>>> print(open('start.pdb').read())   # PDB, C-alpha atoms
ATOM      1  CA  MET A 228       0.000   0.000   0.000
ATOM      2  CA  GLU A 229       1.239   3.503  -0.817
ATOM      3  CA  ASN A 230       2.307   6.130   1.693
ATOM      4  CA  ILE A 231      -0.455   8.339   3.062
ATOM      5  CA  SER A 232      -0.738  11.712   4.770
ATOM      6  CA  LEU A 233      -3.278  12.001   7.578
ATOM      7  CA  VAL A 234      -4.555  15.511   8.252
ATOM      8  CA  ILE A 235      -6.310  16.252  11.533
ATOM      9  CA  PRO A 236      -7.732  19.711  12.310
ATOM     10  CA  ILE A 237      -7.754  20.388  16.049
ATOM     11  CA  TYR A 238      -9.554  22.993  18.099
ATOM     12  CA  ASN A 239      -9.695  22.571  21.880
ATOM     13  CA  GLU A 240      -9.371  18.776  21.904
ATOM     14  CA  GLU A 241      -6.860  18.396  24.751
ATOM     15  CA  ASN A 242      -8.704  15.404  26.224
ATOM     16  CA  ASN A 243      -9.227  13.594  22.925
ATOM     17  CA  ILE A 244      -6.150  14.036  20.764
ATOM     18  CA  ILE A 245      -3.693  11.750  22.594
ATOM     19  CA  ASN A 246      -6.058   8.782  22.545
ATOM     20  CA  LEU A 247      -6.904   9.441  18.894
ATOM     21  CA  VAL A 248      -3.268   9.575  17.787
ATOM     22  CA  ASN A 249      -2.478   6.360  19.664
ATOM     23  CA  GLU A 250      -5.499   4.663  18.055
ATOM     24  CA  ILE A 251      -4.334   5.741  14.600
ATOM     25  CA  LYS A 252      -0.810   4.540  15.292
ATOM     26  CA  ASN A 253      -1.983   1.109  16.489
ATOM     27  CA  THR A 254      -4.480   0.735  13.623
ATOM     28  CA  LEU A 255      -2.077   1.547  10.803
ATOM     29  CA  LYS A 256       0.581  -0.674  12.335
ATOM     30  CA  ILE A 257      -1.660  -3.655  11.570
ATOM     31  CA  GLU A 258      -1.123  -3.194   7.810
ATOM     32  CA  ASN A 259       2.373  -1.737   8.178
ATOM     33  CA  ILE A 260       1.251   1.445   6.435
ATOM     34  CA  LYS A 261       3.834   4.195   6.068
ATOM     35  CA  TYR A 262       2.367   7.577   6.880
ATOM     36  CA  GLU A 263       2.858  11.072   8.149
ATOM     37  CA  LEU A 264       0.501  12.649  10.658
ATOM     38  CA  ILE A 265      -0.222  16.347  10.163
ATOM     39  CA  LEU A 266      -1.884  18.002  13.144
ATOM     40  CA  VAL A 267      -3.196  21.503  12.510
ATOM     41  CA  ASP A 268      -4.061  23.353  15.713
ATOM     42  CA  ASP A 269      -6.639  26.016  14.933
ATOM     43  CA  CYS A 270      -5.357  28.360  17.663
ATOM     44  CA  SER A 271      -6.754  26.276  20.523
ATOM     45  CA  ILE A 272      -7.147  28.058  23.846
ATOM     46  CA  ASP A 273      -6.773  24.891  25.932
ATOM     47  CA  ASN A 274      -3.729  22.592  26.227
ATOM     48  CA  SER A 275      -4.127  20.945  22.808
ATOM     49  CA  ASN A 276      -0.957  22.497  21.397
ATOM     50  CA  LYS A 277       1.062  21.482  24.449
ATOM     51  CA  TYR A 278      -0.146  17.885  24.247
ATOM     52  CA  ILE A 279       0.458  17.429  20.538
ATOM     53  CA  ASN A 280       3.992  18.787  20.894
ATOM     54  CA  GLU A 281       4.574  16.267  23.681
ATOM     55  CA  LEU A 282       3.283  13.560  21.332
ATOM     56  CA  LYS A 283       5.836  14.590  18.742
ATOM     57  CA  ASP A 284       8.642  14.428  21.301
ATOM     58  CA  LYS A 285       7.637  10.978  22.581
ATOM     59  CA  ASN A 286       6.874   9.190  19.311
ATOM     60  CA  PHE A 287       9.268   7.951  16.659
ATOM     61  CA  PHE A 288       6.863   8.230  13.732
ATOM     62  CA  ASN A 289       6.492  11.303  11.587
ATOM     63  CA  ILE A 290       4.332  13.972  13.212
ATOM     64  CA  ILE A 291       4.121  17.423  11.659
ATOM     65  CA  ILE A 292       2.553  20.185  13.754
ATOM     66  CA  GLU A 293       1.112  23.410  12.364
ATOM     67  CA  ARG A 294      -0.596  26.095  14.439
ATOM     68  CA  ASN A 295      -2.788  28.817  12.985
ATOM     69  CA  LYS A 296      -2.010  32.314  14.277
ATOM     70  CA  LYS A 297      -5.716  32.839  14.846
ATOM     71  CA  ASN A 298      -8.849  30.702  14.695
ATOM     72  CA  MET A 299      -9.404  30.156  10.973
ATOM     73  CA  GLY A 300     -11.928  27.326  10.905
ATOM     74  CA  GLN A 301     -11.944  23.693   9.853
ATOM     75  CA  SER A 302     -11.667  24.219   6.097
ATOM     76  CA  TYR A 303      -8.555  26.375   6.355
ATOM     77  CA  SER A 304      -6.923  23.975   8.815
ATOM     78  CA  ILE A 305      -7.541  21.035   6.474
ATOM     79  CA  PHE A 306      -6.326  23.045   3.477
ATOM     80  CA  ARG A 307      -3.164  24.078   5.308
ATOM     81  CA  GLY A 308      -2.417  20.498   6.304
ATOM     82  CA  ILE A 309      -2.942  19.169   2.783
ATOM     83  CA  SER A 310      -0.803  21.949   1.320
ATOM     84  CA  ILE A 311       2.277  20.732   3.214
ATOM     85  CA  ALA A 312       1.541  16.999   2.877
ATOM     86  CA  THR A 313       4.156  14.936   1.044
ATOM     87  CA  SER A 314       1.864  12.084  -0.039
ATOM     88  CA  GLU A 315      -0.591  12.192  -2.924
ATOM     89  CA  THR A 316      -3.052  10.163  -0.829
ATOM     90  CA  ILE A 317      -4.786  12.239   1.830
ATOM     91  CA  VAL A 318      -6.811  10.950   4.764
ATOM     92  CA  THR A 319      -8.824  13.434   6.829
ATOM     93  CA  ILE A 320     -10.318  12.618  10.220
ATOM     94  CA  ASP A 321     -11.854  14.702  13.006
ATOM     95  CA  GLY A 322      -9.844  15.441  16.131
ATOM     96  CA  ASP A 323     -12.750  14.756  18.499
ATOM     97  CA  GLY A 324     -12.456  10.966  18.396
ATOM     98  CA  GLN A 325     -15.951  10.333  17.027
ATOM     99  CA  ASN A 326     -14.549   8.881  13.796
ATOM    100  CA  ASN A 327     -13.172   5.377  14.348
ATOM    101  CA  PRO A 328      -9.570   5.057  13.070
ATOM    102  CA  LYS A 329     -10.231   1.397  12.256
ATOM    103  CA  ASP A 330     -12.380   2.588   9.356
ATOM    104  CA  ILE A 331      -9.330   4.209   7.758
ATOM    105  CA  LEU A 332      -8.171   0.772   6.616
ATOM    106  CA  ARG A 333     -11.560   0.064   4.998
ATOM    107  CA  LEU A 334     -11.563   3.354   3.097
ATOM    108  CA  LEU A 335      -7.986   2.833   1.931
ATOM    109  CA  LYS A 336      -8.810  -0.658   0.682
ATOM    110  CA  TYR A 337     -11.583   0.657  -1.571
ATOM    111  CA  TYR A 338      -9.473   3.610  -2.657
ATOM    112  CA  PHE A 339      -6.442   1.597  -3.746
ATOM    113  CA  ASN A 340      -8.427  -1.244  -5.315
ATOM    114  CA  ASP A 341      -9.818   0.989  -8.077
ATOM    115  CA  ASP A 342      -7.533   3.451  -9.875
ATOM    116  CA  GLN A 343     -10.554   5.382 -11.136
ATOM    117  CA  ILE A 344     -11.773   6.275  -7.645
ATOM    118  CA  LYS A 345     -10.401   9.614  -6.488
ATOM    119  CA  LEU A 346     -12.433  10.045  -3.284
ATOM    120  CA  VAL A 347     -13.823   7.568  -0.773
ATOM    121  CA  GLY A 348     -15.980   9.098   1.959
ATOM    122  CA  GLY A 349     -17.513   7.767   5.125
ATOM    123  CA  ILE A 350     -21.241   7.760   5.801
ATOM    124  CA  ARG A 351     -22.262   7.907   9.459
ATOM    125  CA  ASN A 352     -25.194   5.524   9.116
ATOM    126  CA  LYS A 353     -25.850   5.491  12.876
ATOM    127  CA  ARG A 354     -24.888   8.903  14.177
ATOM    128  CA  ILE A 355     -24.265   9.448  17.873
ATOM    129  CA  ASP A 356     -25.217  13.111  18.223
ATOM    130  CA  SER A 357     -27.977  15.281  19.628
ATOM    131  CA  LYS A 358     -31.387  14.969  17.963
ATOM    132  CA  ILE A 359     -31.352  18.554  16.725
ATOM    133  CA  LYS A 360     -27.894  18.114  15.203
ATOM    134  CA  ILE A 361     -28.913  14.907  13.460
ATOM    135  CA  LEU A 362     -32.173  16.402  12.174
ATOM    136  CA  SER A 363     -30.502  19.562  10.880
ATOM    137  CA  SER A 364     -27.864  17.462   9.110
ATOM    138  CA  ILE A 365     -30.498  15.246   7.472
ATOM    139  CA  ILE A 366     -32.344  18.292   6.137
ATOM    140  CA  ALA A 367     -29.138  19.997   4.982
ATOM    141  CA  ASN A 368     -27.877  16.835   3.284
ATOM    142  CA  LYS A 369     -31.140  16.325   1.397
ATOM    143  CA  ILE A 370     -31.184  19.934   0.172
ATOM    144  CA  ARG A 371     -27.514  19.846  -0.792
ATOM    145  CA  SER A 372     -27.818  16.479  -2.540
ATOM    146  CA  TYR A 373     -30.827  17.744  -4.530
ATOM    147  CA  ILE A 374     -29.120  20.954  -5.624
ATOM    148  CA  LEU A 375     -25.613  19.619  -6.218
ATOM    149  CA  ASP A 376     -26.400  15.974  -7.067
ATOM    150  CA  ASP A 377     -23.257  14.784  -5.280
ATOM    151  CA  LYS A 378     -24.633  11.269  -4.566
ATOM    152  CA  CYS A 379     -23.554  11.615  -0.935
ATOM    153  CA  SER A 380     -25.965  11.391   2.001
ATOM    154  CA  ASP A 381     -23.474  12.617   4.622
ATOM    155  CA  THR A 382     -20.884  15.156   3.510
ATOM    156  CA  GLY A 383     -20.379  16.196   7.138
ATOM    157  CA  CYS A 384     -18.416  13.037   7.895
ATOM    158  CA  SER A 385     -14.783  14.141   8.069
ATOM    159  CA  LEU A 386     -13.387  10.656   7.445
ATOM    160  CA  LYS A 387     -12.345  10.719   3.792
ATOM    161  CA  VAL A 388      -9.566   9.493   1.506
ATOM    162  CA  PHE A 389      -8.814  11.460  -1.641
ATOM    163  CA  ASP A 390      -6.254  12.653  -4.171
ATOM    164  CA  ARG A 391      -4.144  15.601  -3.019
ATOM    165  CA  SER A 392      -3.468  17.138  -6.439
ATOM    166  CA  ILE A 393      -7.145  17.145  -7.370
ATOM    167  CA  PHE A 394      -8.071  18.762  -4.053
ATOM    168  CA  LEU A 395      -5.492  21.525  -4.515
ATOM    169  CA  SER A 396      -6.796  22.194  -8.023
ATOM    170  CA  PHE A 397     -10.118  23.376  -6.589
ATOM    171  CA  PRO A 398     -10.482  27.079  -5.721
ATOM    172  CA  TYR A 399     -10.278  27.423  -1.952
ATOM    173  CA  PHE A 400     -13.194  28.832   0.033
ATOM    174  CA  ASP A 401     -14.191  28.611   3.684
ATOM    175  CA  GLY A 402     -16.506  25.640   4.113
ATOM    176  CA  MET A 403     -15.151  23.690   1.133
ATOM    177  CA  HIS A 404     -14.421  20.577   3.218
ATOM    178  CA  ARG A 405     -18.192  19.917   3.366
ATOM    179  CA  PHE A 406     -18.495  20.009  -0.429
ATOM    180  CA  LEU A 407     -15.692  17.679  -1.488
ATOM    181  CA  PRO A 408     -18.104  15.018  -2.857
ATOM    182  CA  ALA A 409     -19.811  17.672  -5.009
ATOM    183  CA  LEU A 410     -16.490  19.105  -6.196
ATOM    184  CA  PHE A 411     -14.943  15.743  -7.062
ATOM    185  CA  SER A 412     -18.040  14.441  -8.857
ATOM    186  CA  GLY A 413     -18.719  17.838 -10.435
ATOM    187  CA  TYR A 414     -15.252  17.740 -11.962
ATOM    188  CA  ASN A 415     -16.017  14.237 -13.282
ATOM    189  CA  PHE A 416     -13.916  12.256 -10.827
ATOM    190  CA  LYS A 417     -15.241   8.936  -9.540
ATOM    191  CA  THR A 418     -16.341   8.869  -5.892
ATOM    192  CA  LEU A 419     -17.488   6.155  -3.507
ATOM    193  CA  PHE A 420     -19.185   6.289  -0.102
ATOM    194  CA  ILE A 421     -19.322   3.549   2.531
ATOM    195  CA  ASN A 422     -20.873   3.239   5.980
ATOM    196  CA  VAL A 423     -18.500   3.893   8.869
ATOM    197  CA  ASP A 424     -18.649   3.829  12.638
ATOM    198  CA  HIS A 425     -19.612   6.922  14.617
ATOM    199  CA  ARG A 426     -18.788   7.106  18.307
ATOM    200  CA  PRO A 427     -20.062   9.290  21.133
ATOM    201  CA  ARG A 428     -17.965  12.312  22.012
ATOM    202  CA  ILE A 429     -16.320  11.514  25.348
ATOM    203  CA  TYR A 430     -14.803  14.896  26.128
ATOM    204  CA  GLY A 431     -15.616  18.453  25.094
ATOM    205  CA  SER A 432     -18.397  19.668  22.857
ATOM    206  CA  SER A 433     -18.999  20.445  19.197
ATOM    207  CA  LYS A 434     -17.291  23.686  18.117
ATOM    208  CA  TYR A 435     -19.668  24.523  15.298
ATOM    209  CA  GLY A 436     -23.092  26.092  15.863
ATOM    210  CA  THR A 437     -25.960  24.360  14.069
ATOM    211  CA  PHE A 438     -27.808  27.459  12.843
ATOM    212  CA  LYS A 439     -24.685  29.408  11.935
ATOM    213  CA  ARG A 440     -23.396  26.428   9.980
ATOM    214  CA  ALA A 441     -26.737  26.032   8.197
ATOM    215  CA  PHE A 442     -26.789  29.691   7.138
ATOM    216  CA  PHE A 443     -23.271  29.719   5.734
ATOM    217  CA  GLY A 444     -23.844  26.255   4.276
ATOM    218  CA  ILE A 445     -26.592  27.677   2.051
ATOM    219  CA  LEU A 446     -24.284  30.442   0.836
ATOM    220  CA  ASP A 447     -21.515  27.924   0.172
ATOM    221  CA  MET A 448     -23.960  25.698  -1.693
ATOM    222  CA  ILE A 449     -24.836  28.553  -4.041
ATOM    223  CA  LYS A 450     -21.130  29.230  -4.516
ATOM    224  CA  VAL A 451     -20.401  25.601  -5.406
ATOM    225  CA  ARG A 452     -23.370  25.414  -7.792
ATOM    226  CA  ARG A 453     -22.125  28.504  -9.634
ATOM    227  CA  LEU A 454     -18.626  27.081  -9.760
ATOM    228  CA  LEU A 455     -19.808  23.786 -11.238
ATOM    229  CA  ASN A 456     -22.130  25.545 -13.699
ATOM    230  CA  LYS A 457     -19.249  27.731 -14.856
ATOM    231  CA  ARG A 458     -17.029  24.714 -15.368
ATOM    232  CA  LYS A 459     -19.772  22.896 -17.285
ATOM    233  CA  SER A 460     -20.359  25.871 -19.574
ATOM    234  CA  LEU A 461     -16.636  26.099 -20.345
ATOM    235  CA  ASN A 462     -16.586  22.414 -21.325
ATOM    236  CA  ASP A 463     -19.729  22.527 -23.485
TER
END
>>> encode(input="start.pdb", output="structure tokens")
Amino acid sequence: MENISLVIPIYNEENNIINLVNEIKNTLKIENIKYELILVDDCSIDNSNKYINELKDKNFFNIIIERNKKNMGQSYSIFRGISIATSETIVTIDGDGQNNPKDILRLLKYYFNDDQIKLVGGIRNKRIDSKIKILSSIIANKIRSYILDDKCSDTGCSLKVFDRSIFLSFPYFDGMHRFLPALFSGYNFKTLFINVDHRPRIYGSSKYGTFKRAFFGILDMIKVRRLLNKRKSLND
């Protein structure tokens, strides 16, 4: 299996990040996968930065740490991590521990078994979240899927494997990490989505407000639709 770069955006996850990194390390060791781990601290105000630097000092495997000068959001943190990655195969996963690292191996298997597939995304079939968060996501996903036709029922799942060069070819905008299925399929790249585990958050709380996210999600959706329409018109 090829080398991979794992990118993890972090914001105030001091109680989750150590366990998550150790889980990733133990999981990838099973298949002897060579990888680099890129941790992007989005200007956390807790001890996240301290703990991830201690992880780097204690572990022999390749950890790269980036810290934003101010809170820039999840999309920017992911973009920054991918920009410095050395592998063409990117894996993204949340820093809160709700994604199960064991599913990384499943996504990689599908990704590497078909050269035509350029993105494999996780679908949280049984979400462990508040009822209002689940309901708002269901509504948002149905609207987005109808407008963008991305064939994905859960773009909010951060666990994804995709091609670095293709990702960097897209114009950057805040919120783009939620529209990767639409961007990849809209640019005529093959995508695949599989069910993955979703675990309860043990420590901390979600950093993204439901209503604020919904409002900006609508604006981003319009932006993506215009982008894809423009590309289609140029190719016609």
>>> residues_around(input="start.pdb", residues="range 447-449 of chain A", least_positions_apart="4", cutoff="12 Å", atoms="only C-alpha atoms", output="ChimeraX atom specification")
/A:367-368,370-377,399-407,409-410,440-443,453-456
>>> residues_around(input="start.pdb", residues="Asp269 in chain A", least_positions_apart="3", cutoff="8 Å", atoms="only C-alpha atoms", output="list in words")
Pro236, Ile237, Tyr238, Arg294, Asn295, Lys296, Lys297, Asn298, Met299, Gly300, Gln301 and Ser304 of chain A
>>> atom_distance(input="start.pdb", atom1="CA of Lys277 in chain A", atom2="CA of Glu241 in chain A")
8.5 Å
>>> closest_residue(input="start.pdb", among="A:Gln343, A:Asn253, A:Ser385, A:Ser302", to="Ile320 in chain A", atoms="only C-alpha atoms")
A:Ser385
>>> residues_around(input="start.pdb", residues="Tyr338 in chain A", least_positions_apart="2", cutoff="12 Å", atoms="all atoms listed in the file", output="number ranges by chain")
A: 228-229, 231, 316-318, 331-336, 340-349, 387-390, 417-421
>>> axis_aligned_box(input="start.pdb", around="range 368-379 of chain A", padding_each_side="4 Å", output="AutoDock Vina command-line options")
--center_x -27.2 --center_y 16.1 --center_z -1.9 --size_x 15.9 --size_y 17.7 --size_z 18.4
>>> atom_distance(input="start.pdb", atom1="CA of Glu293 in chain A", atom2="CA of Val248 in chain A")
15.5 Å
>>> closest_residue(input="start.pdb", among="A:Ser396, A:Asn326, A:Asn239, A:Ser310", to="Phe411 in chain A", atoms="only C-alpha atoms")
A:Ser396
>>> closest_residue(input="start.pdb", among="A:Asn230, A:Asn249, A:Ser412, A:Asn352", to="Pro328 in chain A", atoms="all atoms listed in the file")
A:Asn249
>>> atom_distance(input="start.pdb", atom1="CA of Ile235 in chain A", atom2="CA of Leu266 in chain A")
5.0 Å
>>> resolve_selection(input="start.pdb", expression="the PyMOL selection byres ((chain A and resi 260-262) around 8)", output="VMD selection string")
chain A and resid 228 to 233 255 to 259 263 to 264 289
>>> resolve_selection(input="start.pdb", expression="the PyMOL selection byres ((chain A and resi 430) around 12)", output="list in words")
Asn239, Glu240, Glu241, Asn242, Asn243, Ile244, Asn246, Gly322, Asp323, Gly324, Gln325, Arg426, Pro427, Arg428, Ile429, Gly431, Ser432 and Ser433 of chain A
>>> decode(input="start.pdb", residues="range 308-321 of chain A", atoms="all heavy atoms", output="PDB file, in the first residue's frame")
ATOM      1  N   GLY A 308      -3.060  21.790   6.122  1.00  0.00           N
ATOM      2  CA  GLY A 308      -2.417  20.498   6.304  1.00  0.00           C
ATOM      3  C   GLY A 308      -2.142  19.792   4.990  1.00  0.00           C
ATOM      4  O   GLY A 308      -1.060  19.230   4.779  1.00  0.00           O
ATOM      5  N   ILE A 309      -3.118  19.831   4.084  1.00  0.00           N
ATOM      6  CA  ILE A 309      -2.942  19.169   2.783  1.00  0.00           C
ATOM      7  C   ILE A 309      -1.881  19.874   1.953  1.00  0.00           C
ATOM      8  O   ILE A 309      -1.131  19.234   1.210  1.00  0.00           O
ATOM      9  CB  ILE A 309      -4.297  19.126   2.038  1.00  0.00           C
ATOM     10  CG1 ILE A 309      -5.273  18.217   2.792  1.00  0.00           C
ATOM     11  CG2 ILE A 309      -4.121  18.636   0.592  1.00  0.00           C
ATOM     12  CD1 ILE A 309      -6.684  18.220   2.236  1.00  0.00           C
ATOM     13  N   SER A 310      -1.778  21.176   2.087  1.00  0.00           N
ATOM     14  CA  SER A 310      -0.803  21.949   1.320  1.00  0.00           C
ATOM     15  C   SER A 310       0.630  21.525   1.615  1.00  0.00           C
ATOM     16  O   SER A 310       1.491  21.567   0.735  1.00  0.00           O
ATOM     17  CB  SER A 310      -0.968  23.445   1.604  1.00  0.00           C
ATOM     18  OG  SER A 310      -2.228  23.903   1.165  1.00  0.00           O
ATOM     19  N   ILE A 311       0.903  21.114   2.853  1.00  0.00           N
ATOM     20  CA  ILE A 311       2.277  20.732   3.214  1.00  0.00           C
ATOM     21  C   ILE A 311       2.489  19.216   3.192  1.00  0.00           C
ATOM     22  O   ILE A 311       3.597  18.745   3.443  1.00  0.00           O
ATOM     23  CB  ILE A 311       2.659  21.285   4.600  1.00  0.00           C
ATOM     24  CG1 ILE A 311       1.795  20.638   5.689  1.00  0.00           C
ATOM     25  CG2 ILE A 311       2.534  22.796   4.641  1.00  0.00           C
ATOM     26  CD1 ILE A 311       2.267  20.960   7.091  1.00  0.00           C
ATOM     27  N   ALA A 312       1.425  18.456   2.907  1.00  0.00           N
ATOM     28  CA  ALA A 312       1.541  16.999   2.877  1.00  0.00           C
ATOM     29  C   ALA A 312       2.504  16.546   1.780  1.00  0.00           C
ATOM     30  O   ALA A 312       2.597  17.172   0.725  1.00  0.00           O
ATOM     31  CB  ALA A 312       0.165  16.371   2.666  1.00  0.00           C
ATOM     32  N   THR A 313       3.202  15.454   2.027  1.00  0.00           N
ATOM     33  CA  THR A 313       4.156  14.936   1.044  1.00  0.00           C
ATOM     34  C   THR A 313       3.600  13.761   0.245  1.00  0.00           C
ATOM     35  O   THR A 313       4.194  13.356  -0.749  1.00  0.00           O
ATOM     36  CB  THR A 313       5.458  14.491   1.743  1.00  0.00           C
ATOM     37  OG1 THR A 313       5.171  13.440   2.684  1.00  0.00           O
ATOM     38  CG2 THR A 313       6.105  15.660   2.477  1.00  0.00           C
ATOM     39  N   SER A 314       2.476  13.200   0.679  1.00  0.00           N
ATOM     40  CA  SER A 314       1.864  12.084  -0.039  1.00  0.00           C
ATOM     41  C   SER A 314       0.751  12.577  -0.945  1.00  0.00           C
ATOM     42  O   SER A 314       0.094  13.583  -0.660  1.00  0.00           O
ATOM     43  CB  SER A 314       1.310  11.062   0.949  1.00  0.00           C
ATOM     44  OG  SER A 314       0.551  10.067   0.278  1.00  0.00           O
ATOM     45  N   GLU A 315       0.512  11.867  -2.030  1.00  0.00           N
ATOM     46  CA  GLU A 315      -0.591  12.192  -2.924  1.00  0.00           C
ATOM     47  C   GLU A 315      -1.904  11.597  -2.433  1.00  0.00           C
ATOM     48  O   GLU A 315      -2.958  11.894  -2.984  1.00  0.00           O
ATOM     49  CB  GLU A 315      -0.298  11.701  -4.343  1.00  0.00           C
ATOM     50  CG  GLU A 315       0.621  12.627  -5.130  1.00  0.00           C
ATOM     51  CD  GLU A 315       0.048  14.039  -5.247  1.00  0.00           C
ATOM     52  OE1 GLU A 315      -1.083  14.188  -5.727  1.00  0.00           O
ATOM     53  OE2 GLU A 315       0.730  14.991  -4.840  1.00  0.00           O
ATOM     54  N   THR A 316      -1.843  10.738  -1.406  1.00  0.00           N
ATOM     55  CA  THR A 316      -3.052  10.163  -0.829  1.00  0.00           C
ATOM     56  C   THR A 316      -3.309  10.805   0.527  1.00  0.00           C
ATOM     57  O   THR A 316      -2.512  10.685   1.448  1.00  0.00           O
ATOM     58  CB  THR A 316      -2.920   8.640  -0.650  1.00  0.00           C
ATOM     59  OG1 THR A 316      -2.666   8.027  -1.912  1.00  0.00           O
ATOM     60  CG2 THR A 316      -4.195   8.055  -0.057  1.00  0.00           C
ATOM     61  N   ILE A 317      -4.439  11.509   0.621  1.00  0.00           N
ATOM     62  CA  ILE A 317      -4.786  12.239   1.830  1.00  0.00           C
ATOM     63  C   ILE A 317      -5.896  11.511   2.582  1.00  0.00           C
ATOM     64  O   ILE A 317      -6.869  11.041   1.983  1.00  0.00           O
ATOM     65  CB  ILE A 317      -5.269  13.664   1.496  1.00  0.00           C
ATOM     66  CG1 ILE A 317      -4.180  14.448   0.762  1.00  0.00           C
ATOM     67  CG2 ILE A 317      -5.707  14.396   2.764  1.00  0.00           C
ATOM     68  CD1 ILE A 317      -2.932  14.720   1.569  1.00  0.00           C
ATOM     69  N   VAL A 318      -5.744  11.426   3.887  1.00  0.00           N
ATOM     70  CA  VAL A 318      -6.811  10.950   4.764  1.00  0.00           C
ATOM     71  C   VAL A 318      -7.135  12.076   5.737  1.00  0.00           C
ATOM     72  O   VAL A 318      -6.239  12.625   6.380  1.00  0.00           O
ATOM     73  CB  VAL A 318      -6.391   9.701   5.566  1.00  0.00           C
ATOM     74  CG1 VAL A 318      -7.527   9.282   6.511  1.00  0.00           C
ATOM     75  CG2 VAL A 318      -6.037   8.558   4.640  1.00  0.00           C
ATOM     76  N   THR A 319      -8.413  12.447   5.838  1.00  0.00           N
ATOM     77  CA  THR A 319      -8.824  13.434   6.829  1.00  0.00           C
ATOM     78  C   THR A 319      -9.701  12.750   7.876  1.00  0.00           C
ATOM     79  O   THR A 319     -10.485  11.855   7.556  1.00  0.00           O
ATOM     80  CB  THR A 319      -9.604  14.604   6.205  1.00  0.00           C
ATOM     81  OG1 THR A 319     -10.758  14.109   5.505  1.00  0.00           O
ATOM     82  CG2 THR A 319      -8.717  15.391   5.250  1.00  0.00           C
ATOM     83  N   ILE A 320      -9.541  13.182   9.123  1.00  0.00           N
ATOM     84  CA  ILE A 320     -10.318  12.618  10.220  1.00  0.00           C
ATOM     85  C   ILE A 320     -10.468  13.695  11.285  1.00  0.00           C
ATOM     86  O   ILE A 320      -9.571  14.512  11.489  1.00  0.00           O
ATOM     87  CB  ILE A 320      -9.629  11.347  10.787  1.00  0.00           C
ATOM     88  CG1 ILE A 320     -10.513  10.666  11.831  1.00  0.00           C
ATOM     89  CG2 ILE A 320      -8.259  11.671  11.342  1.00  0.00           C
ATOM     90  CD1 ILE A 320      -9.987   9.296  12.266  1.00  0.00           C
ATOM     91  N   ASP A 321     -11.605  13.711  11.960  1.00  0.00           N
ATOM     92  CA  ASP A 321     -11.854  14.702  13.006  1.00  0.00           C
ATOM     93  C   ASP A 321     -10.947  14.466  14.205  1.00  0.00           C
ATOM     94  O   ASP A 321     -10.551  13.330  14.488  1.00  0.00           O
ATOM     95  CB  ASP A 321     -13.305  14.650  13.460  1.00  0.00           C
ATOM     96  CG  ASP A 321     -14.168  15.693  12.755  1.00  0.00           C
ATOM     97  OD1 ASP A 321     -13.595  16.641  12.191  1.00  0.00           O
ATOM     98  OD2 ASP A 321     -15.402  15.556  12.762  1.00  0.00           O
TER      99      ASP A 321
END
